[in-house]
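Novice: I am sharing final-v5.cif, which consists of mmCIF, C-alpha atoms (C1' of nucleotides):
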data_my_file
loop_
_atom_site.label_atom_id
_atom_site.label_comp_id
_atom_site.auth_asym_id
_atom_site.auth_seq_id
_atom_site.Cartn_x
_atom_site.Cartn_y
_atom_site.Cartn_z
CA MET A 1 0.00 0.00 0.00
CA THR A 2 1.34 3.40 -0.93
CA GLN A 3 1.58 6.29 1.50
CA ALA A 4 -1.25 8.08 -0.24
CA GLU A 5 -3.50 5.04 0.04
CA THR A 6 -2.69 4.62 3.70
CA PHE A 7 -3.41 8.25 4.39
CA MET A 8 -6.64 8.01 2.44
CA LYS A 9 -7.81 5.21 4.70
CA GLN A 10 -6.57 6.43 8.07
CA ASP A 11 -7.87 9.95 8.41
CA SER A 12 -11.05 11.05 10.12
CA GLU A 13 -14.29 9.23 10.61
CA SER A 14 -15.79 10.61 7.44
CA LEU A 15 -12.89 9.20 5.47
CA LEU A 16 -13.57 5.71 6.67
CA ASP A 17 -17.10 6.21 5.51
CA ALA A 18 -15.84 7.47 2.18
CA HIS A 19 -13.74 4.39 1.80
CA ALA A 20 -16.52 1.98 2.68
CA PHE A 21 -19.05 3.77 0.54
CA ALA A 22 -16.65 3.94 -2.39
CA GLY A 23 -16.15 0.20 -2.08
CA VAL A 24 -19.84 -0.51 -2.45
CA CYS A 25 -20.13 2.00 -5.30
CA LYS A 26 -17.26 0.31 -7.05
CA ALA A 27 -18.95 -3.06 -6.74
CA LEU A 28 -22.09 -1.54 -8.26
CA GLY A 29 -20.04 0.10 -10.99
CA HIS A 30 -20.71 -2.49 -13.65
CA PRO A 31 -23.96 -2.98 -15.57
CA ALA A 32 -23.88 -6.75 -15.13
CA ARG A 33 -23.68 -6.38 -11.38
CA ILE A 34 -26.48 -3.83 -11.34
CA ARG A 35 -28.61 -6.29 -13.24
CA ILE A 36 -27.80 -9.06 -10.79
CA VAL A 37 -28.81 -6.85 -7.88
CA GLU A 38 -32.00 -5.78 -9.66
CA HIS A 39 -32.87 -9.39 -10.38
CA LEU A 40 -32.30 -10.44 -6.80
CA LYS A 41 -34.34 -7.49 -5.63
CA ALA A 42 -37.20 -8.63 -7.86
CA ILE A 43 -37.24 -12.33 -7.07
CA ASP A 44 -35.67 -12.34 -3.61
CA ARG A 45 -33.44 -15.37 -4.11
CA CYS A 46 -32.28 -17.54 -6.96
CA ILE A 47 -29.58 -19.98 -7.92
CA CYS A 48 -26.47 -18.95 -9.78
CA GLY A 49 -27.51 -20.74 -12.96
CA GLU A 50 -30.54 -18.51 -13.32
CA ILE A 51 -28.35 -15.42 -13.24
CA VAL A 52 -26.12 -16.95 -15.87
CA GLN A 53 -29.22 -17.36 -18.05
CA ILE A 54 -30.28 -13.74 -17.91
CA LEU A 55 -26.85 -12.29 -18.63
CA PRO A 56 -24.96 -12.50 -21.94
CA LEU A 57 -21.84 -13.65 -20.15
CA ALA A 58 -19.99 -16.89 -19.59
CA GLN A 59 -20.63 -18.83 -16.41
CA SER A 60 -17.16 -18.13 -15.08
CA THR A 61 -17.59 -14.41 -15.65
CA VAL A 62 -20.89 -14.33 -13.82
CA SER A 63 -19.29 -16.25 -10.98
CA GLN A 64 -16.62 -13.56 -10.77
CA HIS A 65 -19.22 -10.80 -10.68
CA LEU A 66 -21.06 -12.58 -7.90
CA LYS A 67 -17.81 -12.81 -6.00
CA VAL A 68 -17.30 -9.07 -6.31
CA LEU A 69 -20.81 -8.44 -4.99
CA LYS A 70 -20.25 -10.92 -2.18
CA ASN A 71 -16.94 -9.33 -1.18
CA ALA A 72 -18.65 -5.95 -1.08
CA GLY A 73 -21.27 -7.44 1.23
CA LEU A 74 -24.08 -6.81 -1.23
CA VAL A 75 -25.11 -10.42 -1.71
CA LYS A 76 -24.97 -13.60 0.27
CA GLY A 77 -24.72 -17.07 -1.19
CA GLU A 78 -25.52 -20.36 0.42
CA VAL A 79 -24.85 -23.79 -0.99
CA GLU A 80 -27.91 -25.93 -1.53
CA GLY A 81 -26.87 -29.27 -2.83
CA PRO A 82 -25.13 -28.82 -6.14
CA CYS A 83 -26.44 -25.27 -6.52
CA THR A 84 -25.64 -22.02 -4.79
CA CYS A 85 -28.55 -19.82 -3.87
CA TYR A 86 -27.96 -16.09 -3.84
CA CYS A 87 -29.85 -13.31 -2.17
CA LEU A 88 -29.29 -9.66 -1.36
CA ASP A 89 -27.73 -8.55 1.87
CA ARG A 90 -30.42 -6.04 2.72
CA GLU A 91 -28.41 -4.50 5.51
CA THR A 92 -25.53 -3.44 3.25
CA LEU A 93 -28.00 -2.28 0.66
CA GLU A 94 -29.87 -0.12 3.15
CA ARG A 95 -26.65 1.36 4.44
CA PHE A 96 -25.66 2.15 0.87
CA LYS A 97 -28.99 3.78 0.13
CA LYS A 98 -28.82 5.79 3.29
CA THR A 99 -25.33 7.06 2.57
CA ALA A 100 -26.18 7.75 -1.06
CA GLY A 101 -29.17 9.76 0.06
CA SER A 102 -27.02 11.86 2.33
CA ILE A 103 -24.57 12.96 -0.34
CA MET B 1 -16.83 -3.36 -28.05
CA THR B 2 -17.48 -7.05 -27.58
CA GLN B 3 -20.78 -8.72 -28.38
CA ALA B 4 -21.53 -9.12 -24.71
CA GLU B 5 -20.92 -5.45 -24.03
CA THR B 6 -23.11 -4.43 -26.93
CA PHE B 7 -25.90 -6.68 -25.74
CA MET B 8 -25.51 -5.33 -22.25
CA LYS B 9 -26.12 -1.83 -23.52
CA GLN B 10 -28.82 -2.44 -26.08
CA ASP B 11 -31.49 -4.39 -24.26
CA SER B 12 -34.58 -3.01 -22.55
CA GLU B 13 -35.16 0.31 -20.95
CA SER B 14 -34.11 -0.97 -17.55
CA LEU B 15 -30.78 -2.02 -19.01
CA LEU B 16 -30.04 1.48 -20.22
CA ASP B 17 -30.75 2.62 -16.69
CA ALA B 18 -28.46 -0.07 -15.37
CA HIS B 19 -25.71 1.12 -17.64
CA ALA B 20 -26.11 4.79 -16.78
CA PHE B 21 -26.43 4.10 -13.09
CA ALA B 22 -23.42 1.78 -13.12
CA GLY B 23 -21.43 4.54 -14.81
CA VAL B 24 -22.14 6.99 -12.01
CA CYS B 25 -21.46 4.34 -9.38
CA LYS B 26 -18.16 3.59 -11.02
CA ALA B 27 -17.20 7.26 -10.93
CA LEU B 28 -18.04 7.30 -7.22
CA GLY B 29 -16.10 4.09 -6.68
CA HIS B 30 -12.94 5.70 -5.38
CA PRO B 31 -12.45 7.31 -1.96
CA ALA B 32 -10.71 10.36 -3.41
CA ARG B 33 -13.66 11.06 -5.66
CA ILE B 34 -16.12 10.59 -2.81
CA ARG B 35 -14.16 13.13 -0.82
CA ILE B 36 -14.21 15.58 -3.71
CA VAL B 37 -17.97 15.25 -3.99
CA GLU B 38 -18.38 15.63 -0.23
CA HIS B 39 -16.22 18.72 -0.22
CA LEU B 40 -18.13 20.30 -3.08
CA LYS B 41 -21.37 19.43 -1.36
CA ALA B 42 -20.14 21.22 1.76
CA ILE B 43 -18.76 24.40 0.23
CA ASP B 44 -20.77 24.55 -2.97
CA ARG B 45 -17.95 25.58 -5.27
CA CYS B 46 -14.19 25.83 -5.13
CA ILE B 47 -11.13 25.99 -7.32
CA CYS B 48 -9.13 22.95 -8.25
CA GLY B 49 -6.17 23.99 -6.13
CA GLU B 50 -8.22 23.78 -2.98
CA ILE B 51 -9.12 20.18 -3.76
CA VAL B 52 -5.47 19.40 -4.36
CA GLN B 53 -4.76 20.76 -0.87
CA ILE B 54 -7.22 18.53 0.94
CA LEU B 55 -6.18 15.32 -0.80
CA PRO B 56 -2.86 13.51 -0.32
CA LEU B 57 -2.42 13.20 -4.05
CA ALA B 58 -0.40 14.88 -6.76
CA GLN B 59 -2.01 17.70 -8.70
CA SER B 60 -2.09 15.66 -11.89
CA THR B 61 -3.82 12.80 -10.12
CA VAL B 62 -6.48 15.10 -8.69
CA SER B 63 -7.00 16.55 -12.14
CA GLN B 64 -7.61 13.05 -13.45
CA HIS B 65 -10.15 12.32 -10.73
CA LEU B 66 -11.95 15.55 -11.53
CA LYS B 67 -12.05 14.52 -15.15
CA VAL B 68 -13.66 11.21 -14.23
CA LEU B 69 -16.29 13.01 -12.18
CA LYS B 70 -16.86 15.47 -14.99
CA ASN B 71 -17.25 12.72 -17.58
CA ALA B 72 -19.78 11.02 -15.35
CA GLY B 73 -21.70 14.29 -15.18
CA LEU B 74 -21.24 14.60 -11.44
CA VAL B 75 -19.32 17.86 -11.44
CA LYS B 76 -19.04 20.87 -13.69
CA GLY B 77 -15.96 23.02 -14.06
CA GLU B 78 -15.70 26.51 -15.41
CA VAL B 79 -12.57 28.45 -16.11
CA GLU B 80 -12.21 31.65 -14.13
CA GLY B 81 -9.09 33.38 -15.17
CA PRO B 82 -6.14 31.18 -14.35
CA CYS B 83 -8.21 28.91 -12.11
CA THR B 84 -10.93 26.38 -12.73
CA CYS B 85 -13.90 26.50 -10.43
CA TYR B 86 -15.71 23.25 -9.77
CA CYS B 87 -19.19 22.58 -8.49
CA LEU B 88 -21.54 19.64 -8.30
CA ASP B 89 -23.99 18.87 -11.03
CA ARG B 90 -26.99 18.64 -8.75
CA GLU B 91 -29.18 17.13 -11.44
CA THR B 92 -26.97 14.09 -11.96
CA LEU B 93 -26.56 13.74 -8.24
CA GLU B 94 -30.30 13.80 -7.64
CA ARG B 95 -30.87 11.25 -10.37
CA PHE B 96 -28.24 9.04 -8.79
CA LYS B 97 -29.80 9.35 -5.36
CA LYS B 98 -33.24 8.61 -6.73
CA THR B 99 -32.06 5.51 -8.57
CA ALA B 100 -30.02 4.35 -5.60
CA GLY B 101 -33.06 4.72 -3.40
CA SER B 102 -35.12 2.57 -5.73
CA ILE B 103 -32.77 -0.40 -5.70
"C1'" DA C 1 7.17 41.12 -23.36
"C1'" DT C 2 8.14 38.40 -19.27
"C1'" DT C 3 7.22 36.12 -15.40
"C1'" DG C 4 4.50 33.53 -12.31
"C1'" DT C 5 0.49 30.79 -11.17
"C1'" DA C 6 -3.07 27.35 -12.03
"C1'" DT C 7 -4.56 23.54 -14.38
"C1'" DA C 8 -4.75 20.11 -18.03
"C1'" DT C 9 -2.46 16.75 -20.62
"C1'" DC C 10 1.24 13.42 -21.84
"C1'" DG C 11 4.01 9.42 -21.12
"C1'" DT C 12 4.91 5.74 -18.21
"C1'" DC C 13 4.65 1.97 -14.97
"C1'" DG C 14 2.59 -1.30 -12.05
"C1'" DT C 15 -1.93 -3.08 -10.62
"C1'" DT C 16 -6.57 -4.31 -11.27
"C1'" DT C 17 -10.51 -5.50 -13.99
"C1'" DT C 18 -13.06 -8.11 -17.27
"C1'" DA C 19 -13.61 -11.55 -20.22
"C1'" DC C 20 -13.05 -16.37 -21.65
"C1'" DG C 21 -12.17 -21.51 -21.81
"C1'" DA C 22 -10.54 -25.29 -19.15
"C1'" DT C 23 -10.34 -27.54 -15.00
"C1'" DT C 24 -11.66 -28.85 -10.38
"C1'" DA C 25 -14.77 -29.82 -6.54
"C1'" DA C 26 -19.05 -31.09 -4.67
"C1'" DT C 27 -23.30 -33.21 -4.79
"C1'" DA C 28 -27.47 -35.82 -6.58
"C1'" DG C 29 -29.25 -39.59 -8.91
"C1'" DG C 30 -29.12 -43.85 -11.35
"C1'" DC D 1 -19.53 -46.64 -7.85
"C1'" DC D 2 -20.28 -43.92 -12.00
"C1'" DT D 3 -22.22 -40.06 -14.27
"C1'" DA D 4 -24.24 -35.71 -14.88
"C1'" DT D 5 -24.90 -31.16 -13.12
"C1'" DT D 6 -23.65 -26.98 -10.81
"C1'" DA D 7 -20.59 -23.60 -9.52
"C1'" DA D 8 -15.99 -22.08 -8.13
"C1'" DT D 9 -11.35 -21.55 -9.38
"C1'" DC D 10 -7.27 -21.32 -12.43
"C1'" DG D 11 -4.66 -19.42 -16.15
"C1'" DT D 12 -4.41 -15.97 -19.46
"C1'" DA D 13 -4.88 -11.96 -22.46
"C1'" DA D 14 -6.53 -7.37 -23.37
"C1'" DA D 15 -8.02 -3.28 -21.55
"C1'" DA D 16 -8.71 0.10 -17.99
"C1'" DC D 17 -7.19 2.31 -13.67
"C1'" DG D 18 -4.39 5.01 -10.52
"C1'" DA D 19 -0.39 7.06 -9.48
"C1'" DC D 20 3.44 10.04 -10.61
"C1'" DG D 21 6.69 13.56 -12.80
"C1'" DA D 22 7.31 16.35 -16.68
"C1'" DT D 23 5.46 19.26 -19.89
"C1'" DA D 24 2.18 22.30 -22.14
"C1'" DT D 25 -1.32 25.81 -21.95
"C1'" DA D 26 -3.74 29.76 -20.51
"C1'" DC D 27 -4.18 33.70 -18.14
"C1'" DA D 28 -2.75 37.75 -14.69
"C1'" DA D 29 0.24 40.87 -13.28
"C1'" DT D 30 4.18 43.38 -13.60
#
Please go through the file and, once you have read it, give me the structure as C-alpha cells.
Specialist:
Amino acid sequence: MTQAETFMKQDSESLLDAHAFAGVCKALGHPARIRIVEHLKAIDRCICGEIVQILPLAQSTVSQHLKVLKNAGLVKGEVEGPCTCYCLDRETLERFKKTAGSI
Amino acid sequence: MTQAETFMKQDSESLLDAHAFAGVCKALGHPARIRIVEHLKAIDRCICGEIVQILPLAQSTVSQHLKVLKNAGLVKGEVEGPCTCYCLDRETLERFKKTAGSI
DNA sequence: ATTGTATATCGTCGTTTTACGATTAATAGG
DNA sequence: CCTATTAATCGTAAAACGACGATATACAAT
C-alpha cells in the first residue's frame, strides 16, 4: 500500500465512511452487477444458474461478478446441494442507500 | 466493443438505466472522488487547487479524478481566469440518489 | 514582453478488472 | 460406484485504472 493510500484510509471518521461507501459503489459500478442486484431485488433469491441465463456472459464471468458483490457485502450465497442460492444482503443495501441519500 | 458489451447496452429500458447508473457508481467508486464530492457538497464551489490541498495526491492525479467526475456528469468546471472552479452537477446527483433509493 | 500561477495533458509503470475456456470440486441420482 | 450437473477456481490476455513527474497551456500581473 502506498503512502497516499494509507493516508486516504486512516484519516477522520468521514474518510472511513468514504472508503466503505466507495467500495460498495465500485462493486455496483458495472452494468452486469447492477442487473444481478435488480434481479435479486425482484425475485428475492435464486440460484447462480438462473443469473447466468439472464446475462450475456460466460458462467465463469458471472461467478466472478457474484464474488465481487459478495466481497462488497451486497449479496450472500448459500450452498444448496449442487447449486448455490444467492440473495441480497439487505443490511448493506440499506446502508448504501442511506449514505447515497445523504450525499 | 465485444458482443456481450453491446448486448448489455442495447437491451430493454431498464438495461439502459443499469448502464447509466453503473457509470455513475463507477465514478463514485474511489475514496478520493467521494471526498471531492463531499467537499463540493459542503462548500458549494471551489477551485481545483483547494481540492489538491485537501487530498494527499499529486495535482495531476487530482486533475484526473476531476475529469472522471466530470465525464460522469457529477461535477461541472468553469474556467475563471487562471483557475478552474468546480461545483456539483446537482441534477446528476439527484438522479443518482433517486435511482439508488429505488434499488 | 516576461514572469509567475493554475490547471490540463502526456508518457509511463505497475496493478486491477473483465472476459473467456478449461479444469476442479461437490453433490445428486441412477 | 459412475455419471451428470452446478458452480468455483485457475490461467491468461486485453483493456482500464491510478499514481506520478514532466510538460504544455492559458491567463494575470508586472
Novice: Contacts from chain A to chain B, 7 Å maximum, all atoms listed in the file: show me the residue list as a list of chain:residue names.
Specialist: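 Listed by rising number, the hits are A:Ala4, A:Ala18, A:His19, A:Ala22, A:Gly23, A:Cys25, A:Lys26, A:Leu28, A:Gly29, A:His30, A:Pro31, A:Ile34, A:Arg35, A:Glu38, A:Pro56, A:Leu57, A:Lys97, A:Ala100, A:Gly101, A:Ile103.
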Novice: (-2.3, 34.8, -15.8) in this file's frame - what residues fall within 7 Å of it? Use all atoms listed in the file and give the answer as an mmCIF file with C-alpha atoms (C1' of nucleotides), in the frame of the given file.
Specialist:
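The file below, point.cif, is the result:
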data_model
loop_
_atom_site.group_PDB
_atom_site.id
_atom_site.type_symbol
_atom_site.label_atom_id
_atom_site.label_comp_id
_atom_site.auth_asym_id
_atom_site.auth_seq_id
_atom_site.Cartn_x
_atom_site.Cartn_y
_atom_site.Cartn_z
ATOM 1 C CA GLY B 81 -9.090 33.380 -15.170
ATOM 2 C CA PRO B 82 -6.140 31.180 -14.350
ATOM 3 C "C1'" DT C 5 0.490 30.790 -11.170
ATOM 4 C "C1'" DC D 27 -4.180 33.700 -18.140
ATOM 5 C "C1'" DA D 28 -2.750 37.750 -14.690
#
Novice: Determine the nearest neighbour of chain B from the options D:DA19, D:DA4, D:DA14, D:DA29, counting all atoms listed in the file.
Specialist: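 Checking each of D:DA19, D:DA4, D:DA14, D:DA29 against chain B, counting all atoms listed in the file, the winner is D:DA19.
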Novice: Would you mind listing, for every residue of chain C within 10 Å of chain B, the two atoms forming the shortest contact and the distance between them in Å to one decimal, using only C-alpha atoms (C1' of nucleotides), sorted by chain and ascending residue number, as a tab-separated table?
Specialist:
residue	atom	partner	partner_atom	distance
C:DT5	C1'	B:Pro82	CA	7.4
C:DA6	C1'	B:Cys83	CA	5.4
C:DT7	C1'	B:Cys83	CA	6.9
C:DA8	C1'	B:Ser63	CA	7.2
C:DT9	C1'	B:Ser60	CA	8.8
C:DA19	C1'	B:Ala4	CA	9.4
Novice: Identify all residues satisfying the PyMOL selection byres ((chain D and resi 18) around 9) in the given file; provide them as a list in words.
Specialist: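 Applied to this file, the PyMOL selection byres ((chain D and resi 18) around 9) returns Thr61 of chain B; DT15 of chain C; DC17 and DA19 of chain D.
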Novice: To one decimal place, how far is atom C1' of DG11 of chain C from atom CA of Leu66 of chain B in Å?
Specialist: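 Atom C1' of DG11 of chain C sits 19.6 Å away from atom CA of Leu66 of chain B.
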Novice: Here's the selection I'm unsure about, the PyMOL selection byres ((chain D and resi 10) around 9); applied to the file above, which residues does it give, as a list in words?
Specialist: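 Going through the file, the PyMOL selection byres ((chain D and resi 10) around 9) ends up selecting DA22, DT23 and DT24 of chain C; DT9 and DG11 of chain D.
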Novice: Let me make sure I understand: among A:Ile54, A:Ala72, A:Val62, A:Ile36, which one has the smallest atom-to-atom distance to chain D if we use all atoms listed in the file?
Specialist: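 Of the candidates, the smallest distance to chain D is held by A:Val62.
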Novice: Write segment 27-47 of chain A as a compact mmCIF listing (two decimals), in the coordinates of the input, completed to N, CA, C and O atoms.
Specialist:
# COMPACT_ATOMS: atom_id res chain seq x y z
N ALA A 27 -18.34 -1.76 -6.46
CA ALA A 27 -18.95 -3.06 -6.74
C ALA A 27 -20.20 -2.90 -7.61
O ALA A 27 -20.51 -3.76 -8.44
N LEU A 28 -20.89 -1.80 -7.45
CA LEU A 28 -22.09 -1.54 -8.26
C LEU A 28 -21.74 -0.89 -9.60
O LEU A 28 -22.62 -0.66 -10.42
N GLY A 29 -20.47 -0.63 -9.81
CA GLY A 29 -20.04 0.10 -10.99
C GLY A 29 -19.88 -0.72 -12.25
O GLY A 29 -18.99 -0.45 -13.04
N HIS A 30 -20.72 -1.70 -12.42
CA HIS A 30 -20.71 -2.49 -13.65
C HIS A 30 -22.14 -2.92 -13.97
O HIS A 30 -22.83 -3.44 -13.10
N PRO A 31 -22.56 -2.70 -15.22
CA PRO A 31 -23.96 -2.98 -15.57
C PRO A 31 -24.39 -4.41 -15.24
O PRO A 31 -25.53 -4.62 -14.80
N ALA A 32 -23.51 -5.36 -15.43
CA ALA A 32 -23.88 -6.75 -15.13
C ALA A 32 -24.22 -6.91 -13.66
O ALA A 32 -25.17 -7.60 -13.29
N ARG A 33 -23.45 -6.23 -12.82
CA ARG A 33 -23.68 -6.38 -11.38
C ARG A 33 -24.94 -5.62 -10.95
O ARG A 33 -25.66 -6.08 -10.04
N ILE A 34 -25.21 -4.51 -11.61
CA ILE A 34 -26.48 -3.83 -11.34
C ILE A 34 -27.64 -4.74 -11.69
O ILE A 34 -28.61 -4.87 -10.94
N ARG A 35 -27.52 -5.41 -12.82
CA ARG A 35 -28.61 -6.29 -13.24
C ARG A 35 -28.80 -7.45 -12.29
O ARG A 35 -29.92 -7.89 -12.03
N ILE A 36 -27.70 -7.97 -11.77
CA ILE A 36 -27.80 -9.06 -10.79
C ILE A 36 -28.55 -8.56 -9.55
O ILE A 36 -29.46 -9.22 -9.05
N VAL A 37 -28.16 -7.40 -9.07
CA VAL A 37 -28.81 -6.85 -7.88
C VAL A 37 -30.30 -6.59 -8.15
O VAL A 37 -31.15 -6.93 -7.33
N GLU A 38 -30.59 -6.03 -9.31
CA GLU A 38 -32.00 -5.78 -9.66
C GLU A 38 -32.79 -7.08 -9.69
O GLU A 38 -33.91 -7.15 -9.20
N HIS A 39 -32.18 -8.09 -10.28
CA HIS A 39 -32.87 -9.39 -10.38
C HIS A 39 -33.15 -9.97 -9.00
O HIS A 39 -34.26 -10.43 -8.72
N LEU A 40 -32.13 -9.91 -8.15
CA LEU A 40 -32.30 -10.44 -6.80
C LEU A 40 -33.34 -9.63 -6.02
O LEU A 40 -34.10 -10.18 -5.21
N LYS A 41 -33.33 -8.34 -6.27
CA LYS A 41 -34.34 -7.49 -5.63
C LYS A 41 -35.74 -7.93 -6.04
O LYS A 41 -36.66 -8.01 -5.22
N ALA A 42 -35.88 -8.29 -7.32
CA ALA A 42 -37.20 -8.63 -7.86
C ALA A 42 -37.69 -9.99 -7.40
O ALA A 42 -38.87 -10.16 -7.09
N ILE A 43 -36.77 -10.97 -7.34
CA ILE A 43 -37.24 -12.33 -7.07
C ILE A 43 -36.74 -12.86 -5.73
O ILE A 43 -36.93 -14.04 -5.44
N ASP A 44 -36.10 -12.01 -4.96
CA ASP A 44 -35.67 -12.34 -3.61
C ASP A 44 -34.46 -13.27 -3.57
O ASP A 44 -33.44 -12.90 -3.04
N ARG A 45 -34.60 -14.48 -4.11
CA ARG A 45 -33.44 -15.37 -4.11
C ARG A 45 -33.49 -16.27 -5.33
O ARG A 45 -34.56 -16.64 -5.80
N CYS A 46 -32.32 -16.62 -5.83
CA CYS A 46 -32.28 -17.54 -6.96
C CYS A 46 -30.90 -18.18 -7.05
O CYS A 46 -29.94 -17.71 -6.46
N ILE A 47 -30.85 -19.28 -7.80
CA ILE A 47 -29.58 -19.98 -7.92
C ILE A 47 -28.72 -19.31 -8.99
O ILE A 47 -29.23 -18.61 -9.87
